[in-house]
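A.B. asks: Sharing final_13.csv here; it has CSV, C-alpha atoms and all ligand atoms.
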chain,number,residue,atom,x,y,z
A,1,MET,CA,-16.6,89.0,-22.1
A,2,ASN,CA,-15.9,85.4,-20.9
A,3,HIS,CA,-15.0,82.8,-23.6
A,4,VAL,CA,-15.0,79.1,-23.1
A,5,GLU,CA,-13.9,76.7,-25.8
A,6,VAL,CA,-16.6,74.1,-26.5
A,7,ALA,CA,-14.9,72.2,-29.4
A,8,ARG,CA,-11.9,72.4,-31.7
A,9,ALA,CA,-11.0,70.5,-34.9
A,10,VAL,CA,-8.3,70.6,-37.5
A,11,SER,CA,-9.0,70.0,-41.2
A,12,GLU,CA,-6.9,70.5,-44.3
A,13,ARG,CA,-8.1,74.1,-44.3
A,14,GLY,CA,-6.8,74.7,-40.7
A,15,GLU,CA,-8.5,75.1,-37.4
A,16,LEU,CA,-12.2,75.4,-36.5
A,17,VAL,CA,-13.2,76.5,-33.0
A,18,LEU,CA,-16.6,76.7,-31.4
A,19,ARG,CA,-16.7,78.9,-28.3
A,20,ARG,CA,-19.4,79.8,-25.8
A,21,CYS,CA,-19.2,83.6,-25.0
A,22,GLN,CA,-20.9,85.3,-22.1
A,23,GLU,CA,-21.2,88.9,-21.2
A,24,GLY,CA,-22.6,89.8,-17.8
A,25,ALA,CA,-26.1,88.5,-17.3
A,26,ALA,CA,-26.8,88.3,-21.0
A,27,PRO,CA,-27.6,84.8,-22.4
A,28,ALA,CA,-24.5,82.9,-23.6
A,29,VAL,CA,-23.9,82.8,-27.3
A,30,LEU,CA,-22.0,80.3,-29.5
A,31,GLU,CA,-19.3,81.6,-31.8
A,32,LEU,CA,-17.6,79.9,-34.7
A,33,ARG,CA,-14.1,80.8,-35.8
A,34,ALA,CA,-12.0,79.4,-38.7
A,35,ASN,CA,-8.2,79.9,-38.4
A,36,GLY,CA,-8.9,82.7,-35.9
A,37,ILE,CA,-11.3,84.5,-38.3
A,38,PHE,CA,-14.8,85.2,-36.9
A,39,VAL,CA,-17.3,83.3,-39.1
A,40,MET,CA,-20.5,83.8,-37.2
A,41,ASP,CA,-22.2,83.7,-33.8
A,42,SER,CA,-25.7,83.0,-32.5
A,43,ARG,CA,-26.2,86.5,-31.2
A,44,GLU,CA,-27.3,88.3,-34.4
A,45,THR,CA,-28.8,85.9,-36.8
A,46,SER,CA,-31.4,88.1,-38.5
A,47,THR,CA,-29.5,88.3,-41.8
A,48,GLU,CA,-28.8,84.5,-41.9
A,49,ARG,CA,-32.5,84.1,-41.6
A,50,ALA,CA,-33.2,86.9,-44.1
A,51,LEU,CA,-31.1,85.2,-46.6
A,52,ALA,CA,-33.6,82.4,-46.7
A,53,GLY,CA,-36.6,84.7,-46.4
A,54,ALA,CA,-35.5,86.9,-49.3
A,55,ALA,CA,-35.0,83.8,-51.5
A,56,LEU,CA,-38.3,82.1,-50.5
A,57,ASP,CA,-40.2,85.4,-51.2
A,58,VAL,CA,-39.2,85.6,-54.9
A,59,VAL,CA,-39.9,82.0,-56.0
A,60,ALA,CA,-43.5,80.8,-56.3
A,61,ARG,CA,-42.8,77.1,-55.7
A,62,PRO,CA,-39.5,76.6,-53.8
A,63,ARG,CA,-39.6,72.8,-53.6
A,64,ASP,CA,-35.9,72.1,-53.8
A,65,VAL,CA,-33.3,74.3,-52.0
A,66,LEU,CA,-29.5,74.1,-52.0
A,67,VAL,CA,-27.7,75.9,-49.2
A,68,GLY,CA,-23.9,76.5,-49.3
A,69,GLY,CA,-22.6,76.6,-45.7
A,70,LEU,CA,-24.3,75.0,-42.7
A,71,GLY,CA,-22.7,77.3,-40.0
A,72,LEU,CA,-24.9,77.1,-36.9
A,73,GLY,CA,-28.0,76.3,-39.1
A,74,PHE,CA,-30.1,79.5,-38.9
A,75,THR,CA,-30.6,79.7,-42.7
A,76,LEU,CA,-31.5,76.0,-42.8
A,77,ASP,CA,-34.0,76.5,-39.9
A,78,GLN,CA,-35.7,79.4,-41.8
A,79,VAL,CA,-35.8,77.4,-45.1
A,80,LEU,CA,-37.5,74.5,-43.3
A,81,ALA,CA,-40.0,76.8,-41.7
A,82,ASP,CA,-41.6,77.2,-45.2
A,83,PRO,CA,-44.0,74.3,-45.8
A,84,ARG,CA,-43.5,74.7,-49.6
A,85,VAL,CA,-40.0,73.3,-49.2
A,86,GLU,CA,-39.8,69.6,-49.9
A,87,ARG,CA,-36.0,69.1,-49.7
A,88,CYS,CA,-33.1,71.3,-48.5
A,89,VAL,CA,-29.6,70.0,-49.3
A,90,VAL,CA,-27.0,71.8,-47.2
A,91,VAL,CA,-23.4,71.5,-48.3
A,92,GLU,CA,-20.9,72.1,-45.5
A,93,ILE,CA,-17.1,71.8,-46.0
A,94,GLU,CA,-16.2,71.0,-42.4
A,95,GLN,CA,-17.1,67.5,-41.2
A,96,ALA,CA,-16.4,68.5,-37.6
A,97,LEU,CA,-19.1,71.2,-37.7
A,98,VAL,CA,-21.7,68.7,-39.1
A,99,ASP,CA,-20.7,66.3,-36.2
A,100,TRP,CA,-21.1,69.1,-33.6
A,101,MET,CA,-24.5,69.9,-35.0
A,102,ARG,CA,-25.6,66.2,-35.0
A,103,ASP,CA,-24.2,65.2,-31.6
A,104,GLY,CA,-25.7,68.2,-29.6
A,105,THR,CA,-22.4,70.0,-29.1
A,106,VAL,CA,-24.5,72.8,-30.8
A,107,PRO,CA,-27.6,72.3,-28.6
A,108,HIS,CA,-30.2,73.2,-31.3
A,109,GLY,CA,-28.4,71.0,-33.9
A,110,PRO,CA,-30.0,67.5,-33.5
A,111,ALA,CA,-33.6,68.7,-33.7
A,112,LEU,CA,-32.9,70.8,-36.7
A,113,LEU,CA,-31.0,68.1,-38.6
A,114,ALA,CA,-33.7,65.5,-37.7
A,115,ASP,CA,-36.1,67.2,-40.1
A,116,TRP,CA,-36.6,64.6,-42.9
A,117,ARG,CA,-36.4,67.3,-45.6
A,118,ALA,CA,-32.9,68.3,-44.5
A,119,ASP,CA,-30.0,66.5,-46.2
A,120,VAL,CA,-26.5,67.6,-45.0
A,121,VAL,CA,-23.6,66.8,-47.3
A,122,VAL,CA,-19.9,67.3,-46.4
A,123,ALA,CA,-18.4,68.8,-49.5
A,124,ASP,CA,-17.2,72.0,-51.1
A,125,ILE,CA,-20.2,73.9,-52.5
A,126,ALA,CA,-18.3,74.6,-55.7
A,127,ALA,CA,-17.9,70.8,-56.3
A,128,ALA,CA,-21.6,70.2,-55.3
A,129,LEU,CA,-22.8,72.8,-57.8
A,130,ALA,CA,-20.6,71.3,-60.5
A,131,GLY,CA,-22.0,67.8,-59.8
A,132,ALA,CA,-25.6,68.8,-59.5
A,133,ARG,CA,-28.1,67.8,-62.2
A,134,PRO,CA,-29.2,70.7,-64.5
A,135,ALA,CA,-32.4,72.5,-63.4
A,136,SER,CA,-32.7,70.5,-60.2
A,137,TYR,CA,-33.1,73.3,-57.6
A,138,ASP,CA,-35.5,76.3,-57.2
A,139,LEU,CA,-33.1,78.2,-54.9
A,140,VAL,CA,-29.4,78.3,-54.3
A,141,LEU,CA,-28.3,80.2,-51.1
A,142,LEU,CA,-24.7,81.0,-50.6
A,143,ASP,CA,-23.3,82.0,-47.2
A,144,VAL,CA,-19.9,80.5,-46.9
A,145,ASP,CA,-17.7,83.6,-46.3
A,146,ASN,CA,-18.0,86.9,-44.7
A,147,GLY,CA,-18.7,88.0,-48.3
A,148,PRO,CA,-16.7,87.9,-51.5
A,149,GLY,CA,-14.4,90.6,-50.1
A,150,HIS,CA,-13.8,88.8,-46.8
A,151,LEU,CA,-13.2,85.2,-47.6
A,152,VAL,CA,-13.0,82.5,-44.9
A,153,HIS,CA,-11.0,80.3,-47.3
A,154,ASP,CA,-9.1,81.7,-50.3
A,155,ALA,CA,-10.3,78.9,-52.6
A,156,ASN,CA,-13.8,80.3,-52.2
A,157,ALA,CA,-13.0,83.3,-54.4
A,158,ARG,CA,-14.1,81.3,-57.5
A,159,LEU,CA,-17.6,81.1,-56.1
A,160,TYR,CA,-18.2,84.7,-56.9
A,161,GLN,CA,-16.7,84.6,-60.4
A,162,ARG,CA,-18.6,84.2,-63.7
A,163,GLU,CA,-17.6,80.6,-64.4
A,164,LEU,CA,-19.0,79.2,-61.1
A,165,GLN,CA,-22.0,81.5,-61.4
A,166,HIS,CA,-22.8,80.0,-64.8
A,167,THR,CA,-22.6,76.6,-63.1
A,168,ALA,CA,-25.0,77.8,-60.4
A,169,ARG,CA,-27.4,79.2,-62.9
A,170,ALA,CA,-27.5,75.9,-64.7
A,171,VAL,CA,-28.6,74.0,-61.6
A,172,LEU,CA,-31.5,76.4,-61.1
A,173,ARG,CA,-34.9,75.9,-62.7
A,174,PRO,CA,-36.5,78.6,-64.8
A,175,GLY,CA,-37.9,81.2,-62.3
A,176,GLY,CA,-35.4,80.1,-59.7
A,177,ALA,CA,-33.1,82.3,-57.8
A,178,LEU,CA,-29.6,82.5,-56.2
A,179,VAL,CA,-29.0,84.7,-53.2
A,180,VAL,CA,-25.6,85.5,-51.8
A,181,TRP,CA,-24.9,86.9,-48.3
A,182,SER,CA,-22.2,89.5,-47.9
A,183,ALA,CA,-20.9,91.5,-44.9
A,184,ALA,CA,-20.3,94.5,-47.2
A,185,ALA,CA,-21.6,96.1,-50.4
A,186,ASP,CA,-19.9,94.4,-53.3
A,187,PRO,CA,-20.5,96.2,-56.7
A,188,ALA,CA,-18.2,93.7,-58.4
A,189,LEU,CA,-20.3,90.7,-57.3
A,190,GLU,CA,-23.5,92.6,-58.4
A,191,ALA,CA,-21.9,93.2,-61.8
A,192,THR,CA,-20.9,89.6,-62.2
A,193,LEU,CA,-24.4,88.3,-61.2
A,194,ARG,CA,-26.0,90.8,-63.6
A,195,SER,CA,-23.8,89.5,-66.5
A,196,VAL,CA,-24.8,85.9,-65.7
A,197,TYR,CA,-28.4,86.2,-64.7
A,198,GLY,CA,-29.6,89.6,-66.1
A,199,GLU,CA,-31.7,90.5,-63.1
A,200,VAL,CA,-30.1,91.3,-59.7
A,201,GLU,CA,-31.4,93.0,-56.6
A,202,ALA,CA,-29.0,94.3,-53.9
A,203,ARG,CA,-30.6,94.6,-50.5
A,204,ALA,CA,-29.0,96.3,-47.5
A,205,LEU,CA,-30.0,94.8,-44.1
A,206,PRO,CA,-29.5,97.0,-41.0
A,207,VAL,CA,-27.9,95.2,-38.0
A,208,VAL,CA,-26.6,96.5,-34.7
A,209,LEU,CA,-23.3,94.9,-33.6
A,210,GLN,CA,-21.8,95.9,-30.3
A,211,GLY,CA,-23.9,99.0,-30.2
A,212,ARG,CA,-22.8,100.0,-33.8
A,213,GLU,CA,-25.3,100.3,-36.6
A,214,LEU,CA,-24.1,98.8,-39.9
A,215,HIS,CA,-25.4,96.9,-42.9
A,216,TYR,CA,-25.1,93.4,-44.2
A,217,TRP,CA,-26.0,92.8,-47.8
A,218,LEU,CA,-28.0,90.2,-49.9
A,219,TYR,CA,-27.6,89.9,-53.6
A,220,ALA,CA,-30.5,88.1,-55.3
A,221,ALA,CA,-30.3,87.0,-58.9
A,222,ARG,CA,-33.2,85.5,-60.9
A,223,VAL,CA,-33.3,83.0,-63.7
A,224,PRO,CA,-35.9,84.3,-66.1
A,225,CYS,CA,-39.0,82.2,-66.9
A,226,PRO,CA,-39.5,81.4,-70.5
A,227,ALA,CA,-41.8,83.9,-72.3
A,301,LIG,C1,-21.2,82.1,-42.1
A,301,LIG,S1,-21.3,80.4,-41.9
A,301,LIG,C2,-22.9,80.0,-42.5
A,301,LIG,C3,-24.0,80.5,-41.6
A,301,LIG,C4,-25.3,79.9,-41.9
A,301,LIG,N1,-26.0,80.7,-42.9
A,301,LIG,C5,-26.2,80.0,-40.6
A,301,LIG,O1,-27.4,80.4,-40.7
A,301,LIG,O2,-25.7,79.5,-39.6
A,301,LIG,C6,-20.3,79.8,-43.2
A,301,LIG,C7,-20.2,78.3,-43.3
A,301,LIG,O3,-19.7,77.9,-44.6
A,301,LIG,C8,-18.8,76.8,-44.5
A,301,LIG,N2,-18.0,76.9,-45.7
A,301,LIG,C9,-16.9,77.7,-46.0
A,301,LIG,N3,-16.5,77.5,-47.3
A,301,LIG,C10,-17.3,76.5,-47.8
A,301,LIG,C11,-17.3,75.8,-49.0
A,301,LIG,N4,-16.5,76.1,-50.0
A,301,LIG,N5,-18.3,74.9,-49.2
A,301,LIG,C12,-19.1,74.5,-48.2
A,301,LIG,N6,-19.1,75.1,-47.0
A,301,LIG,C13,-18.2,76.1,-46.8
A,301,LIG,C14,-18.1,77.2,-43.2
A,301,LIG,O4,-17.4,76.0,-42.7
A,301,LIG,C15,-19.2,77.7,-42.3
A,301,LIG,O5,-19.8,76.6,-41.7
Would you encode the structure as C-alpha cells?
Ligand SMILES: C[S@@+](CC[C@H](N)C(=O)[O-])C[C@H]1O[C@@H](n2cnc3c(N)ncnc32)[C@H](O)[C@@H]1O
C.D. replies:
Amino acid sequence: MNHVEVARAVSERGELVLRRCQEGAAPAVLELRANGIFVMDSRETSTERALAGAALDVVARPRDVLVGGLGLGFTLDQVLADPRVERCVVVEIEQALVDWMRDGTVPHGPALLADWRADVVVADIAAALAGARPASYDLVLLDVDNGPGHLVHDANARLYQRELQHTARAVLRPGGALVVWSAAADPALEATLRSVYGEVEARALPVVLQGRELHYWLYAARVPCPA
C-alpha cells in the first residue's frame, strides 16, 4: 500500500492527517486519521450512508436533520439525497477538515457543501446539542467516534451518557429519532438509549474490510409521538 500525505493540521485536540492511499491498480482512497488513530476512509462507506438511510426510514417527515461529524461527508450526501430534507446542519469539531472539504482538498467536498440545504458549523456536537432550540430537529445522527468504546477524543465519552442523551432527546420533535454509529456492538449504549428514549433498535451491518467479514452497528432510538 502506497500512502501520500495530502494535508495535515494541528488543533487543540492534536494532529489531523488526510492521506491518499493506493494499492496496486485499485482506485486511490482518502483516509482520515486523528492523532494516528484511523477515523475513516473513502473505501468502505456503506455504513456511513446506512446511518442516514436508517434514520430517514423511520421518520415520516425528516425536514430538519442534525449530523454530528462531517468526516468525508458520506452521511451528509445520503441525507441530502432525500428530497424531504429541507435543512441539514453538520457539526464538525475540526476547522481544518471543513476547510479541506470546502477548498477541494477533498475532491468531492465543494459540490457537496454547495447544496443550499447544507449548513456546516465548526463546533463540538455536545455544545451544539446543548445550544439547540427544543424540538427543532426530526433527526440527530451521531458519527464522531469509532463508537462509544473506541473514542477518537476522550471528551466524547459524555455523548453516550444519559445526561447528554436527555439533551439530544429534547432537541428532537415528537416522532423524531437519534441514530448512533458504532464499530462494535455496545450493550451499554443500548441500555442508556433505552432508559432515555424507551424504544431502541440495534442493527448489525455486515462489511468486508481487507478480506475480513465483520459488523458495524447502528443504534436507533425514537421519541414517541403523543397518543
Ligand atoms: C467517522 S468521521 C464521520 C464520518 C461521516 N459520517 C462520513 O460520512 O464521512 C468522525 C468525524 O467527527 C468529528 N468529530 C469528532 N468529535 C467530534 C465532536 N465532539 N463534535 C463534532 N465533530 C466531532 C471528527 O473530526 C470526524 O470528522
A.B. asks: Step by step, measure atom-to-atom distances between ligand LIG 301 (chain A) and each residue using all atoms listed in the file, keep those at most 8 Å, then write them as a PyMOL selection string.
C.D. replies: chain A and resi 34+39-42+45+48-49+51+68-77+91-94+97+122-126+142-146+152-153+155-156+159
A.B. asks: Measuring atom to atom with all atoms listed in the file, identify which of A:Ala183, A:Cys225, A:Leu151, A:Leu56 is nearest to Leu139 in chain A.
C.D. replies: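 Of A:Ala183, A:Cys225, A:Leu151, A:Leu56, the one nearest Leu139 in chain A, counting all atoms listed in the file, is A:Leu56.
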A.B. asks: Between A:Arg20, A:Arg43, A:Arg162, A:Arg87, which has the minimum distance to Ala191 in chain A (counting all atoms listed in the file)?
C.D. replies: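 Looking at the shortest contact to Ala191 in chain A, the residue is A:Arg162.
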A.B. asks: Go ahead and compute the interatomic distance for CA of Val179 in chain A and CA of Val223 in chain A, in Å to one decimal.
C.D. replies: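 So the two atoms, CA of Val179 in chain A and CA of Val223 in chain A, lie 11.5 Å apart.
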A.B. asks: Got a sec: who's within 9 Å of Glu44 in chain A, counting all atoms listed in the file, leaving out chain neighbours fewer than 6 positions off, as an MDAnalysis selection string?
C.D. replies: chainID A and resid 207:209
A.B. asks: May I ask for the distance between CA of Gly109 in chain A and CA of Arg33 in chain A, given in Å to one decimal place?
C.D. replies: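 Distance reported for this atom pair: 17.4 Å.
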A.B. asks: Could you work out how far CA of Gly175 in chain A lies from CA of Thr192 in chain A, giving the answer in Å with one decimal?
C.D. replies: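 Between CA of Thr192 in chain A and CA of Gly175 in chain A the gap is 19.0 Å.
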A.B. asks: Residues near Pro83 in chain A, anyone? I mean within 12 Å using only C-alpha atoms, not counting same-chain ones fewer than 4 positions away, as JSON, numbers by chain.
C.D. replies: {"A": [56, 61, 62, 63, 64, 77, 78, 79, 87, 88, 117]}
A.B. asks: Which one is closest to Arg222 in chain A: A:Pro206, A:Pro187, A:Gly131, A:Pro174? Count all atoms listed in the file.
C.D. replies: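 Checking each candidate against Arg222 in chain A, we get A:Pro174 as the closest.
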